Every structure is written in C-alpha cells, then in structure tokens.
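What follows is target.txt (compact mmCIF, C-alpha atoms (C1' of nucleotides)).
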# COMPACT_ATOMS: atom_id res chain seq x y z
CA MET A 1 -27.92 -26.23 19.78
CA PHE A 2 -25.67 -23.22 20.28
CA LEU A 3 -25.55 -23.91 24.00
CA ASP A 4 -24.23 -27.45 23.50
CA CYS A 5 -21.90 -26.32 20.77
CA GLY A 6 -20.47 -23.56 22.97
CA THR A 7 -20.01 -26.01 25.83
CA ALA A 8 -18.18 -28.47 23.58
CA LEU A 9 -15.96 -25.64 22.38
CA LEU A 10 -15.04 -24.61 25.92
CA GLY A 11 -14.31 -28.20 26.91
CA TRP A 12 -12.04 -28.58 23.91
CA PHE A 13 -10.28 -25.29 24.73
CA ASP A 14 -9.60 -26.40 28.29
CA GLN A 15 -7.87 -29.48 26.90
CA HIS A 16 -6.03 -28.04 23.93
CA LYS A 17 -5.29 -24.37 24.52
CA ARG A 18 -1.75 -23.31 23.78
CA ASP A 19 0.43 -22.06 26.61
CA LEU A 20 0.96 -18.42 25.64
CA PRO A 21 2.58 -15.73 27.81
CA TRP A 22 -0.41 -13.38 27.71
CA ARG A 23 -2.63 -16.19 28.98
CA ARG A 24 -0.55 -16.50 32.14
CA SER A 25 -1.63 -13.12 33.47
CA SER A 26 -4.89 -11.29 33.94
CA ASP A 27 -3.22 -7.89 33.64
CA PRO A 28 -5.49 -5.90 31.28
CA TYR A 29 -2.53 -3.97 29.88
CA GLY A 30 -0.70 -7.16 28.93
CA ILE A 31 -3.85 -8.54 27.32
CA TRP A 32 -4.33 -5.31 25.39
CA VAL A 33 -0.72 -5.35 24.14
CA SER A 34 -1.08 -8.95 23.01
CA GLU A 35 -4.30 -8.21 21.12
CA ILE A 36 -2.73 -5.30 19.25
CA MET A 37 0.37 -7.34 18.36
CA LEU A 38 -1.78 -10.26 17.18
CA GLN A 39 -3.70 -8.15 14.67
CA GLN A 40 -2.98 -9.73 11.28
CA THR A 41 0.14 -11.30 12.80
CA ARG A 42 1.00 -14.90 13.63
CA VAL A 43 1.47 -16.07 17.19
CA ALA A 44 5.02 -17.20 16.42
CA ALA A 45 6.01 -13.70 15.32
CA VAL A 46 4.43 -12.09 18.38
CA LEU A 47 6.04 -14.29 21.06
CA GLU A 48 9.50 -12.76 21.21
CA HIS A 49 8.31 -9.22 20.61
CA TYR A 50 5.77 -9.57 23.40
CA SER A 51 8.29 -10.59 26.05
CA ARG A 52 10.75 -7.87 25.01
CA TRP A 53 7.98 -5.30 25.02
CA MET A 54 6.64 -6.24 28.45
CA GLY A 55 10.19 -6.20 29.79
CA SER A 56 10.75 -2.65 28.55
CA PHE A 57 7.24 -1.28 29.04
CA PRO A 58 5.67 -3.32 31.86
CA THR A 59 2.87 -0.83 32.54
CA VAL A 60 0.71 1.74 30.79
CA ALA A 61 2.68 4.46 32.58
CA ALA A 62 6.02 3.07 31.39
CA LEU A 63 4.79 2.98 27.81
CA ALA A 64 3.36 6.49 28.02
CA ALA A 65 6.69 7.82 29.30
CA ALA A 66 8.71 6.28 26.46
CA GLU A 67 9.95 8.10 23.37
CA GLU A 68 8.32 7.11 20.10
CA ALA A 69 11.70 5.97 18.70
CA GLU A 70 12.06 3.44 21.54
CA VAL A 71 8.54 2.22 20.91
CA LEU A 72 9.15 1.75 17.20
CA ALA A 73 12.52 0.08 17.78
CA LEU A 74 10.83 -2.57 19.94
CA TRP A 75 8.08 -3.01 17.36
CA SER A 76 10.57 -3.30 14.48
CA GLY A 77 9.91 -6.51 12.58
CA LEU A 78 6.25 -6.83 13.49
CA GLY A 79 4.97 -4.62 10.68
CA TYR A 80 1.93 -2.35 10.56
CA TYR A 81 3.81 0.29 12.55
CA ARG A 82 0.72 2.43 12.92
CA ARG A 83 -0.33 -0.10 15.57
CA ALA A 84 2.68 0.81 17.72
CA ARG A 85 2.09 4.54 17.36
CA MET A 86 -1.57 4.23 18.29
CA LEU A 87 -0.80 1.96 21.24
CA HIS A 88 1.68 4.58 22.43
CA ARG A 89 -0.81 7.39 21.91
CA ALA A 90 -3.56 5.47 23.70
CA ALA A 91 -1.26 4.87 26.68
CA ARG A 92 -0.71 8.62 26.96
CA VAL A 93 -4.45 9.22 26.81
CA LEU A 94 -4.98 6.71 29.61
CA VAL A 95 -2.34 8.32 31.82
CA ALA A 96 -3.74 11.79 31.18
CA GLU A 97 -7.42 10.98 31.53
CA HIS A 98 -7.82 7.57 33.19
CA ALA A 99 -5.14 7.39 35.90
CA GLY A 100 -3.29 4.92 33.68
CA CYS A 101 -6.08 2.34 33.83
CA LEU A 102 -7.95 0.71 30.96
CA PRO A 103 -11.69 1.31 30.72
CA ARG A 104 -13.61 -1.82 31.68
CA THR A 105 -16.26 -1.92 28.94
CA SER A 106 -15.97 -2.65 25.24
CA ALA A 107 -17.86 0.57 24.42
CA ALA A 108 -15.34 2.71 26.31
CA LEU A 109 -12.33 0.76 25.03
CA ARG A 110 -13.58 1.35 21.50
CA GLU A 111 -12.91 5.08 21.89
CA LEU A 112 -9.15 4.60 22.24
CA PRO A 113 -6.80 4.97 19.26
CA GLY A 114 -6.09 1.65 17.56
CA ILE A 115 -8.95 -0.18 19.28
CA GLY A 116 -11.72 -1.23 16.93
CA ALA A 117 -14.68 -3.54 17.37
CA TYR A 118 -12.60 -6.69 17.56
CA THR A 119 -9.98 -5.50 20.05
CA ALA A 120 -12.55 -3.77 22.26
CA ALA A 121 -14.53 -7.00 22.55
CA ALA A 122 -11.41 -9.10 23.06
CA VAL A 123 -10.01 -7.00 25.91
CA ALA A 124 -13.41 -6.47 27.54
CA SER A 125 -14.23 -10.18 27.52
CA ILE A 126 -10.80 -11.57 28.40
CA ALA A 127 -9.72 -8.98 30.97
CA PHE A 128 -13.06 -7.85 32.40
CA GLY A 129 -15.53 -10.68 31.73
CA GLU A 130 -17.92 -8.74 29.52
CA PRO A 131 -20.10 -11.28 27.64
CA VAL A 132 -19.49 -9.83 24.20
CA ALA A 133 -18.47 -11.89 21.15
CA VAL A 134 -15.36 -11.12 19.13
CA VAL A 135 -15.53 -11.36 15.35
CA ASP A 136 -12.15 -11.72 13.70
CA GLY A 137 -11.12 -13.64 10.59
CA ASN A 138 -11.15 -16.94 12.48
CA VAL A 139 -14.59 -16.42 13.98
CA GLU A 140 -16.02 -15.35 10.66
CA ARG A 141 -14.75 -18.50 8.99
CA VAL A 142 -15.72 -20.90 11.81
CA VAL A 143 -19.24 -19.53 12.26
CA ALA A 144 -19.85 -19.33 8.52
CA ARG A 145 -18.96 -23.01 8.24
CA LEU A 146 -21.04 -23.94 11.28
CA LEU A 147 -24.06 -22.18 9.77
CA GLY A 148 -23.38 -23.42 6.26
CA LEU A 149 -23.01 -19.92 4.85
CA PRO A 150 -21.22 -19.69 1.53
CA ALA A 151 -17.98 -17.73 1.36
CA GLY A 152 -18.41 -14.12 0.42
CA ALA A 153 -19.14 -10.69 1.84
CA GLY A 154 -22.16 -8.61 2.65
CA ALA A 155 -23.85 -6.98 5.61
CA ASP A 156 -26.51 -9.66 6.03
CA ARG A 157 -23.91 -12.39 6.14
CA LEU A 158 -21.91 -10.49 8.74
CA ARG A 159 -25.01 -9.93 10.87
CA ALA A 160 -25.74 -13.65 10.87
CA ILE A 161 -22.15 -14.39 11.83
CA ARG A 162 -22.21 -11.87 14.68
CA ALA A 163 -25.42 -13.38 16.01
CA GLY A 164 -24.02 -16.88 15.77
CA ALA A 165 -20.80 -15.88 17.52
CA GLN A 166 -22.72 -14.14 20.29
CA ALA A 167 -24.87 -17.25 20.83
CA LEU A 168 -21.71 -19.29 21.39
CA VAL A 169 -20.38 -17.04 24.15
CA SER A 170 -20.67 -18.48 27.64
CA PRO A 171 -21.88 -15.75 30.04
CA ALA A 172 -19.78 -17.39 32.74
CA ARG A 173 -16.56 -17.52 30.71
CA PRO A 174 -16.81 -15.04 27.83
CA GLY A 175 -13.07 -14.54 27.46
CA ASP A 176 -12.42 -18.27 27.21
CA SER A 177 -15.32 -18.69 24.78
CA ASN A 178 -13.87 -16.07 22.49
CA GLN A 179 -10.36 -17.47 22.70
CA ALA A 180 -11.71 -20.96 22.13
CA ILE A 181 -13.35 -20.19 18.82
CA MET A 182 -10.30 -18.26 17.62
CA GLU A 183 -8.03 -21.10 18.74
CA LEU A 184 -10.23 -23.55 16.86
CA GLY A 185 -9.93 -21.44 13.72
CA ALA A 186 -6.18 -21.15 14.11
CA THR A 187 -5.44 -24.81 14.75
CA VAL A 188 -8.35 -26.98 13.49
CA CYS A 189 -10.85 -25.10 11.32
CA LEU A 190 -8.06 -23.97 9.00
CA PRO A 191 -8.79 -21.80 5.95
CA ARG A 192 -7.53 -24.22 3.32
CA ALA A 193 -7.62 -27.73 4.72
CA PRO A 194 -9.64 -27.94 7.95
CA LEU A 195 -8.97 -30.91 10.25
CA CYS A 196 -12.63 -31.88 10.59
CA LEU A 197 -11.93 -35.30 12.09
CA GLY A 198 -10.42 -33.64 15.14
CA CYS A 199 -13.03 -30.93 15.46
CA PRO A 200 -15.00 -30.74 18.72
CA VAL A 201 -18.01 -29.03 17.11
CA GLN A 202 -18.24 -31.24 14.04
CA PRO A 203 -21.70 -32.59 15.16
CA TRP A 204 -23.12 -29.06 14.91
CA CYS A 205 -21.40 -28.12 11.65
CA ARG A 206 -23.40 -27.85 8.45
CA THR A 207 -20.30 -27.69 6.27
CA ARG A 208 -18.09 -30.55 7.44
CA GLY A 209 -15.15 -30.15 5.17
CA GLU A 210 -16.31 -27.96 2.33
CA HIS A 211 -14.16 -24.89 2.46
CA PRO A 212 -14.27 -22.52 -0.48
CA THR A 213 -11.72 -19.73 -0.23
CA ILE A 214 -11.47 -16.42 -1.98
CA ALA A 215 -8.39 -15.74 -4.08
CA ARG A 216 -6.44 -12.55 -3.45
CA LYS A 217 -5.22 -10.00 -5.89
CA PRO A 218 -1.67 -10.65 -7.12
CA LEU A 219 1.09 -8.35 -5.87
CA THR A 220 2.50 -5.65 -8.10
CA PRO A 221 6.15 -6.32 -8.97
CA ARG A 222 8.61 -3.43 -8.61
CA ALA A 223 12.39 -3.05 -8.70
CA ILE A 224 14.09 -1.03 -5.98
CA ALA A 225 17.74 -0.31 -5.17
CA TYR A 226 19.49 0.65 -1.96
CA THR A 227 23.11 1.43 -1.33
CA LEU A 228 25.44 0.09 1.31
CA ALA A 229 27.88 2.78 2.43
CA THR A 230 30.31 1.94 5.21
CA ASP A 231 33.23 3.90 6.60
CA THR A 232 36.49 2.80 8.17
CA GLY A 233 35.05 3.29 11.65
CA GLY A 234 32.61 0.43 11.28
CA ARG A 235 29.65 2.68 10.63
CA VAL A 236 26.90 2.33 8.06
CA LEU A 237 24.94 5.14 6.43
CA LEU A 238 21.20 5.04 7.17
CA ARG A 239 18.30 7.27 6.31
CA GLN A 240 15.08 7.89 8.20
CA ARG A 241 11.84 7.74 6.28
CA PRO A 242 9.70 10.89 6.51
CA ALA A 243 7.32 11.10 9.46
CA GLU A 244 4.43 11.66 7.05
CA ALA A 245 5.24 8.68 4.82
CA SER A 246 2.31 6.32 4.50
CA LEU A 247 4.62 3.33 4.47
CA MET A 248 6.86 2.65 7.49
CA ALA A 249 6.89 6.30 8.61
CA GLY A 250 9.85 7.29 10.75
CA MET A 251 11.62 3.98 10.31
CA TRP A 252 15.31 3.76 9.32
CA GLU A 253 16.66 2.06 6.22
CA LEU A 254 19.58 2.02 3.80
CA PRO A 255 19.61 5.03 1.43
CA GLU A 256 17.45 4.35 -1.58
CA LEU A 257 18.75 4.98 -5.09
CA PRO A 258 16.51 6.20 -7.93
CA ALA A 259 17.70 3.20 -9.93
CA ALA A 260 20.58 0.78 -9.86
CA PRO A 261 23.27 2.65 -11.85
CA PRO A 262 24.67 0.79 -14.87
CA GLY A 263 27.90 -0.90 -13.92
CA ALA A 264 27.25 -0.57 -10.21
CA ARG A 265 28.62 -3.37 -8.07
CA VAL A 266 25.61 -5.35 -6.88
CA LEU A 267 26.30 -6.89 -3.48
CA LEU A 268 23.00 -8.65 -3.01
CA ARG A 269 19.66 -9.32 -4.59
CA PHE A 270 16.51 -10.63 -2.92
CA ARG A 271 12.75 -10.39 -2.93
CA HIS A 272 10.69 -8.69 -0.27
CA ALA A 273 6.91 -8.34 -0.35
CA ILE A 274 5.34 -5.39 1.45
CA THR A 275 1.54 -5.28 1.53
CA VAL A 276 0.56 -5.07 -2.14
CA THR A 277 4.01 -4.78 -3.74
CA ASN A 278 6.53 -7.47 -4.54
CA TYR A 279 9.94 -5.77 -4.48
CA ALA A 280 12.94 -7.04 -6.39
CA VAL A 281 15.64 -5.52 -4.19
CA SER A 282 19.21 -4.75 -5.20
CA ILE A 283 21.84 -3.64 -2.71
CA VAL A 284 24.73 -1.89 -4.46
CA ALA A 285 28.09 -0.78 -3.13
CA LEU A 286 28.77 2.95 -2.87
CA GLY A 287 31.67 4.14 -4.99
CA GLY A 288 32.74 3.91 -8.62
CA ALA A 289 29.71 4.58 -10.76
CA THR A 290 27.45 4.77 -7.74
CA GLU A 291 26.77 8.05 -6.01
CA LEU A 292 24.16 8.94 -3.48
CA PRO A 293 21.50 11.31 -4.73
CA GLY A 294 22.33 14.53 -2.94
CA GLY A 295 20.63 17.71 -1.84
CA ASP A 296 16.93 18.02 -2.28
CA ALA A 297 16.37 14.34 -3.01
CA ALA A 298 16.93 13.70 0.67
CA ALA A 299 15.21 16.86 1.91
CA GLY A 300 13.25 16.39 5.08
CA THR A 301 14.80 13.03 5.83
CA ALA A 302 17.48 12.56 8.45
CA GLU A 303 20.68 10.77 7.49
CA ARG A 304 23.15 9.29 9.94
CA TRP A 305 26.33 7.28 10.05
CA VAL A 306 25.40 4.63 12.58
CA PRO A 307 27.93 2.42 14.41
CA VAL A 308 26.95 -1.15 13.68
CA ASP A 309 26.58 -2.05 17.34
CA GLU A 310 23.96 0.69 17.76
CA LEU A 311 21.67 -0.78 15.12
CA PRO A 312 19.45 -2.61 17.65
CA ARG A 313 18.44 0.72 19.18
CA LEU A 314 17.07 2.06 15.89
CA PRO A 315 13.65 1.28 14.45
CA LEU A 316 14.82 -0.41 11.27
CA THR A 317 12.42 -1.52 8.56
CA GLY A 318 12.14 -5.25 8.09
CA LEU A 319 13.56 -4.88 4.60
CA ALA A 320 16.62 -3.03 5.95
CA ARG A 321 17.16 -5.66 8.63
CA LYS A 322 16.90 -8.44 6.08
CA ALA A 323 19.54 -6.73 3.89
CA LEU A 324 21.88 -6.04 6.82
CA ARG A 325 21.53 -9.62 8.01
CA ARG A 326 22.47 -11.03 4.62
CA LEU A 327 25.37 -8.60 4.43
CA GLY A 328 26.68 -9.90 7.74
CA LEU A 329 26.06 -6.67 9.66
CA TRP A 330 23.06 -7.86 11.66
CA PRO A 331 22.88 -8.75 14.40
CA PRO A 332 26.01 -6.85 15.48
CA ALA A 333 28.74 -9.06 16.91
CA SER A 334 28.32 -7.41 20.32
CA VAL A 335 24.79 -8.75 20.73
CA SER A 336 24.78 -11.79 18.47
CA GLY A 337 25.37 -14.19 21.32
CA SER A 338 22.82 -12.78 23.71
CA GLY A 339 19.63 -13.02 21.72
C1' DG I 1 -17.37 -0.74 0.88
C1' DA I 2 -12.66 -0.53 -0.82
C1' DT I 3 -8.03 0.41 0.01
C1' DC I 4 -3.95 0.78 2.47
C1' DC I 5 -0.77 -0.63 5.99
C1' DG I 6 4.45 -5.35 6.94
C1' DT I 7 6.48 -9.35 7.97
C1' DG I 8 8.89 -14.08 8.69
C1' DG I 9 7.57 -18.62 8.45
C1' DG I 10 5.53 -22.75 6.50
C1' DG I 11 3.64 -25.72 2.73
C1' DT L 1 11.58 -20.80 -5.11
C1' DC L 2 7.16 -19.31 -4.85
C1' DC L 3 2.85 -18.62 -2.74
C1' DC L 4 -0.05 -18.03 1.22
C1' DC L 5 -0.66 -15.95 4.67
C1' DA L 6 -2.50 -13.91 10.41
C1' DA L 7 -6.33 -12.74 16.77
C1' DG L 8 -7.85 -5.41 12.27
C1' DG L 9 -8.14 -0.44 12.17
C1' DA L 10 -8.27 3.96 9.90
C1' DT L 11 -9.66 6.58 6.19
What is this structure when it is put down as structure tokens?
Amino acid sequence: MFLDCGTALLGWFDQHKRDLPWRRSSDPYGIWVSEIMLQQTRVAAVLEHYSRWMGSFPTVAALAAAEEAEVLALWSGLGYYRRARMLHRAARVLVAEHAGCLPRTSAALRELPGIGAYTAAAVASIAFGEPVAVVDGNVERVVARLLGLPAGAGADRLRAIRAGAQALVSPARPGDSNQAIMELGATVCLPRAPLCLGCPVQPWCRTRGEHPTIARKPLTPRAIAYTLATDTGGRVLLRQRPAEASLMAGMWELPELPAAPPGARVLLRFRHAITVTNYAVSIVALGGATELPGGDAAAGTAERWVPVDELPRLPLTGLARKALRRLGLWPPASVSGSG
DNA sequence: GATCCGTGGGG
DNA sequence: TCCCCAAGGAT
C-alpha cells in the first residue's frame, strides 16, 4: 500500500513540481540555505531573499567571511533572525572544522547550529540521497490524513506519522519523495480546504476531505510608539536593538518612545503583528511636545543618524521598514528603480 | 511538553 | 479590515 502510494506521489511530483531556484542546483550549500529560509516561511517570501543571498554569499566560505551585520541586512524582512545568526555560525564551524564542506549524513548535520531533525533529514536526503524521511508541518498533516489519525498531539501519534512518512520514501529518490509530500501539503492537501479531487494519493487516504484544525491562541494587543526624527541633511535617526534582546536582537529601528506624548503630532498609525503580540503602532514627529528619552533609557544601544540612501545596508526590522515605506523614505530614491 | 522567535501575502 | 498563516529550532 505504502509502496504504491509513494510511487503515485513521485509521479505526481514529476508532473506538478514548482520551478524553484534551489531545485535547479545540487549544491548542498544552496539546498541548506533554502531549507533554513523556508522554516516557517512561505515560498513567495523566500524567493527574492534567496537569490540576493546566493549572489552575496555564494559559498560556505563567503558566508563565513562575512560580518554579522551584512548577514542580518540580507535576512532583513524574513523574520526569525536567530536563523541567520545560526546559519552564519554554522558556516564558520564548517570552515574551521570541515574544510568548508557540509557533512553528508543527517546525524552529522544535526550537530550544526540551527539544524534540527527536519533540516538534517531534508539536506541529507535532497543533497546526498540519504533515505530518511522529513517530518514537517506538511508531512504531519498529510500522513495523519492518509492514516485517518485525528488532529492532536502526542508522542504515539508522532511515532505513527514518522513511520508512515518513512514508508513513503523511495530508496532510489529520497529527496524527491520528501519534496513531493511537502509539495502535496503545500498545494493540494491544504490545512483548511484540501483539494481532494486533484489529489494523487486519494485512493490510499482514509480521511478524504475531513480536515479538523486546531485553533490558535489569540494575539495580545499592545500599543507602541516610535518617533521619526530627520535632519536637514536627509538623515533619519535610528537605534540598534541590544545584542541580547530576545526579539530582533541587533536589528535597527526608529527610536521607541515610552508612550505617545499627549498632543504629539501623529504621522502614521498601523498594525503590525510580531509572534504573539498585535502592535498598534504610532509614529510621531519629533519636536514640540515630543522629546526623545535621553541618557540611561538608551544605555547600551547604539544610535545613529543614517543617510536615507544607506538604509538598505542596515539590518532594519520589518516593522521599521514598513513605517519608513509608508513615510516615503523606503526604498531610497537612489535604489527605488533598481529593485 | 510548552513557549518563544517575524513577516508579507492571501482569503 | 481582519484573520490565518508557513518546508522548525532552541531552551
């Protein structure tokens, strides 16, 4: 049963797989980069970052030699910045201890920073042909539906899913098998409304359209205010978040205010959700009733007047970029026609 | 096992 | 506008 099902899956993948840049090369480094970028991130968001990244850091050695600020600047907008730092750190480990090459087994890959069970299996199977199943969110959902397992959690359930996924892996084409089941989850066996009529493994599926989903916890609302300070030289005042911050460490943003001062001139309001918090953002103009908190409030954080056309070189937070874009300062005029 | 870490796009 | 995310890993 699993054999036929796996064969049907591979046949479907050969017909329907998307043309993605990281599928055009067998370079293990490129495959690794793509897998890290794709963690909890949509393909559409990864595409442009991936090409820029590979242009700037085409090899493990090039990445290892880069400054962390360059690495973060190229990652800016993708979120989960810890991924970029760990990728950078792992590249330096590989140069120092592995002649700049990736280990060829999932067990050895698993030892590197930022590589967990999923990514180790993905890189090992796609780049090196190791017949090991990946289990990501797609695989969990697809296999659970195939087996008729109810939605939920638990170690037993996960064991059954791992076993089912492993049984679907073709020893001859493990990388394609893994990508096939993930592709099916991403394009056909959708979380909310699966397209069962177009599903290549529908004959083997015990669920066939039932698709209970688990609701998530609501975000916590919170108000936050930043200030826009510009000078006559076309520069904008930015602040760097502390290196030890848990959220967006080392990234640059507009200076935050303790609260929007009464009577302050509000330039812009918008919403921006970050992980578990739903921010109601206000951007206020500096001057009049508004003053920057001075002295110790900004202790340990760098502050810089940044020429607008240098903004692309800084690792800005997504929230800061969204604000600057709506204020007409991003992208800078000097690069707005080239991207 | 539970929690934390981001974002831009689509329904 | 609002809600829902999406190819996880570390702690």
Pick out the residues sitting within 7 Å of region 52-63 of chain A, and hand them over as a PDB file with C-alpha atoms, in the coordinates of the input; count all atoms listed in the file, and ignore anything fewer than 4 positions along from it in its own chain.
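Done, and the output landed in out.pdb:
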ATOM      1  CA  TYR A  29      -2.530  -3.970  29.880  1.00  0.00           C
ATOM      2  CA  GLU A  48       9.500 -12.760  21.210  1.00  0.00           C
ATOM      3  CA  LEU A  74      10.830  -2.570  19.940  1.00  0.00           C
ATOM      4  CA  HIS A  88       1.680   4.580  22.430  1.00  0.00           C
ATOM      5  CA  ALA A  91      -1.260   4.870  26.680  1.00  0.00           C
ATOM      6  CA  VAL A  95      -2.340   8.320  31.820  1.00  0.00           C
ATOM      7  CA  GLY A 100      -3.290   4.920  33.680  1.00  0.00           C
TER       8      GLY A 100
END
> Mind listing as JSON, numbers by chain which residues of chain A are within 8 Å of chain L, counting all atoms listed in the file?
Replying inline: {"A": [35, 38, 39, 40, 41, 42, 114, 115, 116, 118, 136, 137, 138, 182]}
Contacts of chain A with chain I up to 12 Å, shortest pair per row, all atoms listed in the file, as JSON lines:
{"residue": "A:Gln39", "atom": "CA", "partner": "I:DG6", "partner_atom": "C1'", "distance": 11.6}
{"residue": "A:Gln40", "atom": "CA", "partner": "I:DG6", "partner_atom": "C1'", "distance": 9.7}
{"residue": "A:Thr41", "atom": "CA", "partner": "I:DT7", "partner_atom": "C1'", "distance": 8.2}
{"residue": "A:Arg42", "atom": "CA", "partner": "I:DG9", "partner_atom": "C1'", "distance": 9.2}
{"residue": "A:Val43", "atom": "CA", "partner": "I:DG9", "partner_atom": "C1'", "distance": 11.0}
{"residue": "A:Ala44", "atom": "CA", "partner": "I:DG9", "partner_atom": "C1'", "distance": 8.5}
{"residue": "A:Ala45", "atom": "CA", "partner": "I:DG8", "partner_atom": "C1'", "distance": 7.2}
{"residue": "A:Val46", "atom": "CA", "partner": "I:DG8", "partner_atom": "C1'", "distance": 10.9}
{"residue": "A:Trp75", "atom": "CA", "partner": "I:DG6", "partner_atom": "C1'", "distance": 11.3}
{"residue": "A:Ser76", "atom": "CA", "partner": "I:DT7", "partner_atom": "C1'", "distance": 9.8}
{"residue": "A:Gly77", "atom": "CA", "partner": "I:DT7", "partner_atom": "C1'", "distance": 6.4}
{"residue": "A:Leu78", "atom": "CA", "partner": "I:DT7", "partner_atom": "C1'", "distance": 6.1}
{"residue": "A:Gly79", "atom": "CA", "partner": "I:DG6", "partner_atom": "C1'", "distance": 3.8}
{"residue": "A:Tyr80", "atom": "CA", "partner": "I:DG6", "partner_atom": "C1'", "distance": 5.3}
{"residue": "A:Tyr81", "atom": "CA", "partner": "I:DG6", "partner_atom": "C1'", "distance": 8.0}
{"residue": "A:Arg82", "atom": "CA", "partner": "I:DC5", "partner_atom": "C1'", "distance": 7.7}
{"residue": "A:Arg83", "atom": "CA", "partner": "I:DC5", "partner_atom": "C1'", "distance": 9.6}
{"residue": "A:Ala153", "atom": "CA", "partner": "I:DG1", "partner_atom": "C1'", "distance": 10.2}
{"residue": "A:Gly154", "atom": "CA", "partner": "I:DG1", "partner_atom": "C1'", "distance": 9.4}
{"residue": "A:Ala155", "atom": "CA", "partner": "I:DG1", "partner_atom": "C1'", "distance": 10.2}
{"residue": "A:Arg192", "atom": "CA", "partner": "I:DG11", "partner_atom": "C1'", "distance": 11.3}
{"residue": "A:Ala193", "atom": "CA", "partner": "I:DG11", "partner_atom": "C1'", "distance": 11.6}
{"residue": "A:Ala245", "atom": "CA", "partner": "I:DC5", "partner_atom": "C1'", "distance": 11.1}
{"residue": "A:Ser246", "atom": "CA", "partner": "I:DC5", "partner_atom": "C1'", "distance": 7.7}
{"residue": "A:Leu247", "atom": "CA", "partner": "I:DC5", "partner_atom": "C1'", "distance": 6.9}
{"residue": "A:Met248", "atom": "CA", "partner": "I:DG6", "partner_atom": "C1'", "distance": 8.4}
{"residue": "A:Ala249", "atom": "CA", "partner": "I:DC5", "partner_atom": "C1'", "distance": 10.7}
{"residue": "A:His272", "atom": "CA", "partner": "I:DT7", "partner_atom": "C1'", "distance": 9.3}
{"residue": "A:Ala273", "atom": "CA", "partner": "I:DG6", "partner_atom": "C1'", "distance": 8.3}
{"residue": "A:Ile274", "atom": "CA", "partner": "I:DG6", "partner_atom": "C1'", "distance": 5.6}
{"residue": "A:Thr275", "atom": "CA", "partner": "I:DG6", "partner_atom": "C1'", "distance": 6.1}
{"residue": "A:Val276", "atom": "CA", "partner": "I:DC4", "partner_atom": "C1'", "distance": 8.7}
{"residue": "A:Thr277", "atom": "CA", "partner": "I:DG6", "partner_atom": "C1'", "distance": 10.7}
{"residue": "A:Asn278", "atom": "CA", "partner": "I:DG6", "partner_atom": "C1'", "distance": 11.9}
{"residue": "A:Thr317", "atom": "CA", "partner": "I:DG6", "partner_atom": "C1'", "distance": 9.0}
{"residue": "A:Gly318", "atom": "CA", "partner": "I:DT7", "partner_atom": "C1'", "distance": 7.0}
{"residue": "A:Leu319", "atom": "CA", "partner": "I:DT7", "partner_atom": "C1'", "distance": 9.0}
{"residue": "A:Arg321", "atom": "CA", "partner": "I:DT7", "partner_atom": "C1'", "distance": 11.3}
{"residue": "A:Lys322", "atom": "CA", "partner": "I:DG8", "partner_atom": "C1'", "distance": 10.1}
Kindly save the residues from that selection, with C-alpha atoms included, as a JSON list (two decimals), in the frame of the given file.
[["chain", "number", "residue", "atom", "x", "y", "z"],
["A", 39, "GLN", "CA", -3.70, -8.15, 14.67],
["A", 40, "GLN", "CA", -2.98, -9.73, 11.28],
["A", 41, "THR", "CA", 0.14, -11.30, 12.80],
["A", 42, "ARG", "CA", 1.00, -14.90, 13.63],
["A", 43, "VAL", "CA", 1.47, -16.07, 17.19],
["A", 44, "ALA", "CA", 5.02, -17.20, 16.42],
["A", 45, "ALA", "CA", 6.01, -13.70, 15.32],
["A", 46, "VAL", "CA", 4.43, -12.09, 18.38],
["A", 75, "TRP", "CA", 8.08, -3.01, 17.36],
["A", 76, "SER", "CA", 10.57, -3.30, 14.48],
["A", 77, "GLY", "CA", 9.91, -6.51, 12.58],
["A", 78, "LEU", "CA", 6.25, -6.83, 13.49],
["A", 79, "GLY", "CA", 4.97, -4.62, 10.68],
["A", 80, "TYR", "CA", 1.93, -2.35, 10.56],
["A", 81, "TYR", "CA", 3.81, 0.29, 12.55],
["A", 82, "ARG", "CA", 0.72, 2.43, 12.92],
["A", 83, "ARG", "CA", -0.33, -0.10, 15.57],
["A", 153, "ALA", "CA", -19.14, -10.69, 1.84],
["A", 154, "GLY", "CA", -22.16, -8.61, 2.65],
["A", 155, "ALA", "CA", -23.85, -6.98, 5.61],
["A", 192, "ARG", "CA", -7.53, -24.22, 3.32],
["A", 193, "ALA", "CA", -7.62, -27.73, 4.72],
["A", 245, "ALA", "CA", 5.24, 8.68, 4.82],
["A", 246, "SER", "CA", 2.31, 6.32, 4.50],
["A", 247, "LEU", "CA", 4.62, 3.33, 4.47],
["A", 248, "MET", "CA", 6.86, 2.65, 7.49],
["A", 249, "ALA", "CA", 6.89, 6.30, 8.61],
["A", 272, "HIS", "CA", 10.69, -8.69, -0.27],
["A", 273, "ALA", "CA", 6.91, -8.34, -0.35],
["A", 274, "ILE", "CA", 5.34, -5.39, 1.45],
["A", 275, "THR", "CA", 1.54, -5.28, 1.53],
["A", 276, "VAL", "CA", 0.56, -5.07, -2.14],
["A", 277, "THR", "CA", 4.01, -4.78, -3.74],
["A", 278, "ASN", "CA", 6.53, -7.47, -4.54],
["A", 317, "THR", "CA", 12.42, -1.52, 8.56],
["A", 318, "GLY", "CA", 12.14, -5.25, 8.09],
["A", 319, "LEU", "CA", 13.56, -4.88, 4.60],
["A", 321, "ARG", "CA", 17.16, -5.66, 8.63],
["A", 322, "LYS", "CA", 16.90, -8.44, 6.08]]
